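What follows is run04.cif (mmCIF, C-alpha atoms (C1' of nucleotides)).
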```
data_model
loop_
_atom_site.label_atom_id
_atom_site.label_comp_id
_atom_site.auth_asym_id
_atom_site.auth_seq_id
_atom_site.Cartn_x
_atom_site.Cartn_y
_atom_site.Cartn_z
CA MET A 348 -12.44 12.61 -24.51
CA GLU A 349 -12.35 8.87 -25.18
CA ILE A 350 -11.44 6.25 -22.62
CA THR A 351 -8.27 4.47 -23.72
CA THR A 352 -6.64 1.24 -22.59
CA GLY A 353 -3.12 -0.01 -23.15
CA ALA A 354 -0.20 -1.84 -21.58
CA CYS A 355 3.53 -1.62 -21.16
CA ARG A 356 6.24 -3.86 -19.85
CA LEU A 357 7.57 -3.69 -16.28
CA GLY A 358 10.17 -6.32 -15.48
CA LEU A 359 8.47 -9.72 -15.58
CA TRP A 360 5.02 -8.15 -15.66
CA PHE A 361 2.77 -5.96 -17.77
CA VAL A 362 1.11 -2.81 -16.52
CA HIS A 363 -2.39 -2.43 -17.93
CA VAL A 364 -3.75 1.10 -17.88
CA SER A 365 -7.19 2.52 -18.56
CA TRP A 366 -7.29 6.33 -18.80
CA GLN A 367 -8.97 9.42 -20.11
CA GLY A 368 -6.62 12.33 -20.70
CA ASP A 369 -4.68 12.93 -17.49
CA LEU A 370 -7.26 11.03 -15.44
CA VAL A 371 -6.27 7.42 -14.80
CA LEU A 372 -9.22 5.13 -14.14
CA ARG A 373 -7.50 1.84 -13.49
CA VAL A 374 -4.07 0.23 -13.30
CA ARG A 375 -3.44 -3.47 -12.90
CA PHE A 376 -0.54 -5.90 -13.14
CA SER A 377 -0.39 -9.29 -14.84
CA ARG A 378 2.10 -11.63 -16.42
CA GLN A 379 0.34 -11.45 -19.76
CA GLY A 380 0.10 -8.52 -22.08
CA VAL A 381 0.83 -6.91 -25.43
CA GLU A 382 2.80 -3.69 -25.70
CA SER A 383 0.60 -0.78 -26.72
CA SER A 384 0.23 2.86 -25.78
CA VAL A 385 0.05 4.12 -22.19
CA PRO A 386 0.30 7.69 -20.85
CA ALA A 387 3.82 9.06 -21.43
CA PRO A 388 4.66 9.52 -17.71
CA ILE A 389 3.81 5.87 -17.01
CA ARG A 390 5.92 4.72 -19.95
CA ARG A 391 8.86 6.73 -18.64
CA TYR A 392 8.30 5.42 -15.11
CA CYS A 393 8.29 1.81 -16.28
CA ALA A 394 11.46 2.46 -18.28
CA GLY A 395 13.17 3.30 -14.99
CA GLN A 396 13.32 7.05 -15.41
CA ARG A 397 12.67 9.29 -12.46
CA GLU A 398 9.00 10.22 -12.82
CA ASP A 399 6.69 11.05 -9.88
CA LEU A 400 3.47 10.68 -11.92
CA LEU A 401 2.00 13.75 -10.21
CA ALA A 402 0.92 15.06 -13.60
CA LEU A 403 -1.67 12.28 -13.67
CA THR A 404 -4.75 12.09 -11.44
CA SER A 405 -6.95 9.32 -10.10
CA THR A 406 -10.66 9.33 -9.31
CA ALA A 407 -9.85 7.49 -6.09
CA THR A 408 -8.43 10.67 -4.53
CA GLU A 409 -11.68 12.62 -4.96
CA GLY A 410 -14.08 13.16 -2.10
CA ASP A 411 -13.97 13.39 1.68
CA SER A 412 -14.08 9.69 2.57
CA VAL A 413 -11.36 8.23 4.76
CA MET A 414 -10.19 6.18 1.76
CA ALA A 415 -9.79 9.28 -0.43
CA ARG A 416 -7.87 11.09 2.30
CA ILE A 417 -5.56 8.10 2.68
CA TYR A 418 -4.93 8.04 -1.08
CA ARG A 419 -4.12 11.76 -1.10
CA GLU A 420 -1.68 11.30 1.77
CA VAL A 421 0.01 8.36 0.01
CA ARG A 422 0.55 10.51 -3.08
CA ARG A 423 2.66 12.89 -0.98
CA VAL A 424 5.31 10.22 -0.33
CA PRO A 425 8.19 11.21 -2.63
CA TYR A 426 9.70 9.04 -5.35
CA GLY A 427 12.35 6.73 -3.90
CA GLU A 428 11.11 7.04 -0.31
CA THR A 429 8.76 4.97 1.84
CA ALA A 430 6.31 5.49 4.72
CA THR A 431 4.71 2.99 7.09
CA TYR A 432 1.03 2.07 7.29
CA GLY A 433 1.04 3.49 10.80
CA ALA A 434 2.54 6.83 9.74
CA ILE A 435 -0.13 7.35 7.08
CA ALA A 436 -2.83 6.31 9.54
CA ALA A 437 -1.61 8.88 12.08
CA LYS A 438 -1.77 11.70 9.52
CA VAL A 439 -5.27 10.79 8.39
CA GLY A 440 -6.51 9.99 11.91
CA THR A 441 -7.41 6.33 11.49
CA ALA A 442 -6.02 2.87 12.26
CA PRO A 443 -3.04 1.32 10.40
CA ARG A 444 -5.21 -1.57 9.39
CA VAL A 445 -7.54 0.72 7.48
CA VAL A 446 -4.55 1.99 5.50
CA GLY A 447 -3.77 -1.62 4.64
CA MET A 448 -7.26 -2.11 3.35
CA ALA A 449 -7.10 1.07 1.30
CA MET A 450 -3.84 -0.10 -0.27
CA ALA A 451 -5.28 -3.52 -1.06
CA ARG A 452 -8.20 -1.86 -2.86
CA ASN A 453 -6.21 0.85 -4.61
CA PRO A 454 -7.68 1.04 -8.15
CA THR A 455 -4.68 2.90 -9.57
CA PRO A 456 -1.31 1.67 -8.28
CA LEU A 457 1.70 3.76 -9.46
CA VAL A 458 -0.50 6.86 -9.74
CA ILE A 459 -1.29 6.28 -6.07
CA PRO A 460 2.08 4.79 -5.02
CA CYS A 461 0.86 2.13 -2.59
CA HIS A 462 4.15 0.25 -3.12
CA ARG A 463 5.89 2.97 -1.06
CA ILE A 464 3.82 2.04 1.99
CA VAL A 465 5.62 -0.62 4.00
CA ALA A 466 5.15 -2.35 7.36
CA LYS A 467 7.15 -1.18 10.32
CA GLY A 468 9.17 -4.38 10.52
CA GLY A 469 9.12 -5.55 6.91
CA ILE A 470 7.97 -4.82 3.39
CA GLY A 471 4.25 -5.43 3.92
CA GLY A 472 1.94 -6.93 1.33
CA PHE A 473 1.16 -6.31 -2.31
CA SER A 474 -1.26 -7.93 -4.69
CA PRO A 475 -1.03 -9.79 -6.93
CA GLU A 476 2.63 -10.40 -5.93
CA VAL A 477 4.98 -8.72 -3.46
CA GLY A 478 7.68 -9.28 -6.07
CA ILE A 479 6.20 -6.34 -7.97
CA LYS A 480 6.54 -4.14 -4.88
CA GLU A 481 10.18 -5.13 -4.47
CA HIS A 482 10.81 -4.46 -8.14
CA LEU A 483 9.23 -1.00 -7.95
CA LEU A 484 11.12 -0.01 -4.82
CA SER A 485 14.51 -1.06 -6.18
CA LEU A 486 13.70 0.62 -9.49
CA GLU A 487 13.05 3.90 -7.68
CA ARG A 488 16.15 3.49 -5.52
CA ARG A 489 18.30 3.09 -8.61
CA ALA A 490 16.77 6.06 -10.42
CA ALA A 491 16.99 8.30 -7.36
CA ARG A 492 20.61 7.37 -6.84
CA LYS A 493 21.42 8.05 -10.46
CA ASN A 494 20.01 11.52 -9.93
CA GLY A 495 22.67 12.07 -7.31
CA GLU A 496 20.35 11.72 -4.34
CA PHE A 497 21.46 10.19 -1.13
CA ASN A 498 18.94 7.68 0.24
CA PRO A 499 20.25 6.09 3.42
CA ASP A 500 16.89 4.41 4.04
CA LEU A 501 15.56 1.44 2.03
"C1'" DC B 135 -21.04 -11.03 11.15
"C1'" DA B 136 -15.91 -12.31 9.59
"C1'" DG B 137 -12.06 -10.86 7.39
"C1'" DT B 138 -8.58 -7.48 5.50
"C1'" DG B 139 -1.29 -5.61 2.47
"C1'" DT B 140 -1.18 -3.12 10.67
"C1'" DT B 141 0.30 -1.64 15.05
"C1'" DC B 142 0.51 -1.06 19.92
"C1'" DA B 143 0.20 -2.11 24.81
"C1'" DG B 144 0.08 -5.59 28.22
"C1'" DG B 145 1.30 -9.97 29.98
"C1'" DA B 146 3.47 -14.59 30.01
"C1'" DT B 147 7.30 -17.45 28.94
"C1'" DA C 412 14.57 -11.21 24.49
"C1'" DT C 413 10.43 -13.42 21.90
"C1'" DC C 414 5.50 -14.91 21.56
"C1'" DC C 415 0.66 -14.45 22.37
"C1'" DT C 416 -3.77 -11.58 22.95
"C1'" DG C 417 -6.96 -8.12 22.00
"C1'" DA C 418 -8.33 -3.68 20.47
"C1'" DA C 419 -8.73 0.26 17.25
"C1'" DC C 420 -10.66 1.31 12.37
"C1'" DA C 421 -13.32 1.55 7.39
"C1'" DC C 422 -15.27 -1.21 4.38
"C1'" DT C 423 -16.86 -5.53 1.84
"C1'" DG C 424 -19.24 -10.12 0.88
#
```

Once you've parsed the file, please lay out its structure as structure tokens.
Amino acid sequence: MEITTGACRLGLWFVHVSWQGDLVLRVRFSRQGVESSVPAPIRRYCAGQREDLLALTSTATEGDSVMARIYREVRRVPYGETATYGAIAAKVGTAPRVVGMAMARNPTPLVIPCHRIVAKGGIGGFSPEVGIKEHLLSLERRAARKNGEFNPDL
DNA sequence: CAGTGTTCAGGAT
DNA sequence: ATCCTGAACACTG
């Protein structure tokens, strides 16, 4: 199967995706872009529909490295909810800081929802802009609420 | 070696 | 109550 690349709009930004079937190789954000095709679940997600993206996979979750185990744990955080760096670290058996590094180097945001990982006393970081993280979290809050869910947190 | 999208305990103010 | 240190950790330039 061929490797495909495309982009779709997300608020003020564009989401650029490189994928091969259900396997997503890379996701990145930028201000520039031209609308083209992306995997259907990502298009629905960006349109603000409730979509957990679990149908897609990422190469970053493969293997036994600490990084891969962190990424697998992050994927278990449900749509519309958040977890702290420390909580993920405790489950994997490493330090919170290592989780931060894994998030910073996440090759496939959205598919591995690093935006749902927040600091204990604040939102935590996000590259290239924390504004994207805020946008994603409020997008998920809205969609979850529309589905009749009650989210006291966030 | 220093530096990361952190957190906690311990101590001083 | 808030503010500083240092340590723990996996990985990169």

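Residues in contact with B:DT138 at up to 10 Å, not including ones fewer than 3 positions away on its chain and judged by all atoms listed in the file, are Arg444, Val445, Gly447, Met448, Ala449 and Ala451 of chain A; DC422 and DT423 of chain C.
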
Go ahead and write the selection's residues with C-alpha atoms (C1' of nucleotides) as a tab-separated table (two decimals), in the frame of the given file.
```tsv
chain	number	residue	atom	x	y	z
A	444	ARG	CA	-5.21	-1.57	9.39
A	445	VAL	CA	-7.54	0.72	7.48
A	447	GLY	CA	-3.77	-1.62	4.64
A	448	MET	CA	-7.26	-2.11	3.35
A	449	ALA	CA	-7.10	1.07	1.30
A	451	ALA	CA	-5.28	-3.52	-1.06
C	422	DC	C1'	-15.27	-1.21	4.38
C	423	DT	C1'	-16.86	-5.53	1.84
```

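Residue nearest chain C within the list A:Ile435, A:Met414, A:Ala491, A:Val458: A:Met414 [criterion: smallest interatomic distance, all atoms listed in the file].
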
Residues of chain B within 12 Å of chain A, counting all atoms listed in the file, as an mmCIF file with C-alpha atoms (C1' of nucleotides), in the frame of the given file:
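Final file, iface.cif:
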```cif
data_model
loop_
_atom_site.group_PDB
_atom_site.id
_atom_site.type_symbol
_atom_site.label_atom_id
_atom_site.label_comp_id
_atom_site.auth_asym_id
_atom_site.auth_seq_id
_atom_site.Cartn_x
_atom_site.Cartn_y
_atom_site.Cartn_z
ATOM 1 C "C1'" DG B 137 -12.060 -10.860 7.390
ATOM 2 C "C1'" DT B 138 -8.580 -7.480 5.500
ATOM 3 C "C1'" DG B 139 -1.290 -5.610 2.470
ATOM 4 C "C1'" DT B 140 -1.180 -3.120 10.670
ATOM 5 C "C1'" DT B 141 0.300 -1.640 15.050
ATOM 6 C "C1'" DC B 142 0.510 -1.060 19.920
#
```

Distance cut-off 9 Å, counting only C-alpha atoms (C1' of nucleotides) - which residues of chain C neighbour chain A? Return them as a count of residues only. 4

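Selection by the PyMOL selection byres ((chain C and resi 412-418) around 9) on the present file picks out B:DG144, B:DG145, B:DA146, B:DT147, C:DA419.
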
Find the residues near stretch 363-373 of chain A: any atom within 6 Å, counting all atoms listed in the file, skip ones fewer than 2 places away on the same chain, and give them as a PDB file with C-alpha atoms, in the coordinates of the input.
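Output below, filename part.pdb:
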```
ATOM      1  CA  ILE A 350     -11.440   6.250 -22.620  1.00  0.00           C
ATOM      2  CA  THR A 351      -8.270   4.470 -23.720  1.00  0.00           C
ATOM      3  CA  THR A 352      -6.640   1.240 -22.590  1.00  0.00           C
ATOM      4  CA  GLY A 353      -3.120  -0.010 -23.150  1.00  0.00           C
ATOM      5  CA  ALA A 354      -0.200  -1.840 -21.580  1.00  0.00           C
ATOM      6  CA  ARG A 375      -3.440  -3.470 -12.900  1.00  0.00           C
ATOM      7  CA  LEU A 403      -1.670  12.280 -13.670  1.00  0.00           C
ATOM      8  CA  THR A 404      -4.750  12.090 -11.440  1.00  0.00           C
ATOM      9  CA  SER A 405      -6.950   9.320 -10.100  1.00  0.00           C
ATOM     10  CA  PRO A 454      -7.680   1.040  -8.150  1.00  0.00           C
ATOM     11  CA  THR A 455      -4.680   2.900  -9.570  1.00  0.00           C
TER      12      THR A 455
END
```

Go through the shown structure with the PyMOL selection byres ((chain A and resi 494) around 12) and write out the matching residues as a PyMOL selection string. chain A and resi 395-398+426-427+487-493+495-498

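Going from atom CA of A:Val424 to atom CA of A:Thr406 covers 18.3 Å.
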
Work out how far atom CA of A:Gln379 is from atom C1' of C:DG424, in Å to one decimal. 28.5 Å

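The two atoms in question, atom CA of A:Ser384 and atom CA of A:Met348, are spaced 16.0 Å apart.
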
Taking only N, CA, C and O atoms, show stretch 364-378 of chain A of the given structure as an mmCIF file, in the first residue's frame.
```
data_model
loop_
_atom_site.group_PDB
_atom_site.id
_atom_site.type_symbol
_atom_site.label_atom_id
_atom_site.label_comp_id
_atom_site.auth_asym_id
_atom_site.auth_seq_id
_atom_site.Cartn_x
_atom_site.Cartn_y
_atom_site.Cartn_z
ATOM 1 N N VAL A 364 -0.930 15.086 7.693
ATOM 2 C CA VAL A 364 -0.876 13.663 8.028
ATOM 3 C C VAL A 364 -0.159 12.874 6.943
ATOM 4 O O VAL A 364 -0.335 13.139 5.760
ATOM 5 N N SER A 365 0.675 11.945 7.373
ATOM 6 C CA SER A 365 1.313 11.015 6.450
ATOM 7 C C SER A 365 0.928 9.611 6.908
ATOM 8 O O SER A 365 1.146 9.270 8.068
ATOM 9 N N TRP A 366 0.332 8.812 6.039
ATOM 10 C CA TRP A 366 -0.188 7.512 6.493
ATOM 11 C C TRP A 366 -0.161 6.450 5.407
ATOM 12 O O TRP A 366 0.078 6.729 4.237
ATOM 13 N N GLN A 367 -0.416 5.235 5.843
ATOM 14 C CA GLN A 367 -0.374 4.072 4.975
ATOM 15 C C GLN A 367 -1.467 3.119 5.461
ATOM 16 O O GLN A 367 -1.254 2.400 6.424
ATOM 17 N N GLY A 368 -2.626 3.190 4.846
ATOM 18 C CA GLY A 368 -3.749 2.399 5.355
ATOM 19 C C GLY A 368 -4.185 2.935 6.711
ATOM 20 O O GLY A 368 -4.397 4.118 6.873
ATOM 21 N N ASP A 369 -4.277 2.035 7.695
ATOM 22 C CA ASP A 369 -4.673 2.460 9.036
ATOM 23 C C ASP A 369 -3.475 2.877 9.871
ATOM 24 O O ASP A 369 -3.619 3.308 11.013
ATOM 25 N N LEU A 370 -2.278 2.706 9.326
ATOM 26 C CA LEU A 370 -1.056 3.044 10.057
ATOM 27 C C LEU A 370 -0.644 4.486 9.792
ATOM 28 O O LEU A 370 -0.336 4.842 8.661
ATOM 29 N N VAL A 371 -0.663 5.304 10.836
ATOM 30 C CA VAL A 371 -0.277 6.708 10.681
ATOM 31 C C VAL A 371 1.206 6.847 11.003
ATOM 32 O O VAL A 371 1.681 6.394 12.036
ATOM 33 N N LEU A 372 1.943 7.464 10.075
ATOM 34 C CA LEU A 372 3.390 7.576 10.236
ATOM 35 C C LEU A 372 3.763 8.884 10.914
ATOM 36 O O LEU A 372 4.700 8.945 11.692
ATOM 37 N N ARG A 373 3.043 9.955 10.580
ATOM 38 C CA ARG A 373 3.418 11.243 11.121
ATOM 39 C C ARG A 373 2.244 12.213 11.090
ATOM 40 O O ARG A 373 1.452 12.210 10.155
ATOM 41 N N VAL A 374 2.154 13.023 12.142
ATOM 42 C CA VAL A 374 1.150 14.085 12.216
ATOM 43 C C VAL A 374 1.852 15.336 12.688
ATOM 44 O O VAL A 374 2.646 15.281 13.639
ATOM 45 N N ARG A 375 1.606 16.455 12.001
ATOM 46 C CA ARG A 375 2.212 17.693 12.495
ATOM 47 C C ARG A 375 1.283 18.865 12.247
ATOM 48 O O ARG A 375 0.421 18.820 11.360
ATOM 49 N N PHE A 376 1.462 19.928 13.042
ATOM 50 C CA PHE A 376 0.597 21.100 12.959
ATOM 51 C C PHE A 376 1.368 22.270 12.375
ATOM 52 O O PHE A 376 2.555 22.440 12.653
ATOM 53 N N SER A 377 0.691 23.088 11.570
ATOM 54 C CA SER A 377 1.299 24.345 11.125
ATOM 55 C C SER A 377 0.198 25.303 10.709
ATOM 56 O O SER A 377 -0.945 24.908 10.526
ATOM 57 N N ARG A 378 0.571 26.555 10.580
ATOM 58 C CA ARG A 378 -0.404 27.574 10.188
ATOM 59 C C ARG A 378 -0.733 27.481 8.712
ATOM 60 O O ARG A 378 -1.770 27.937 8.262
#
```
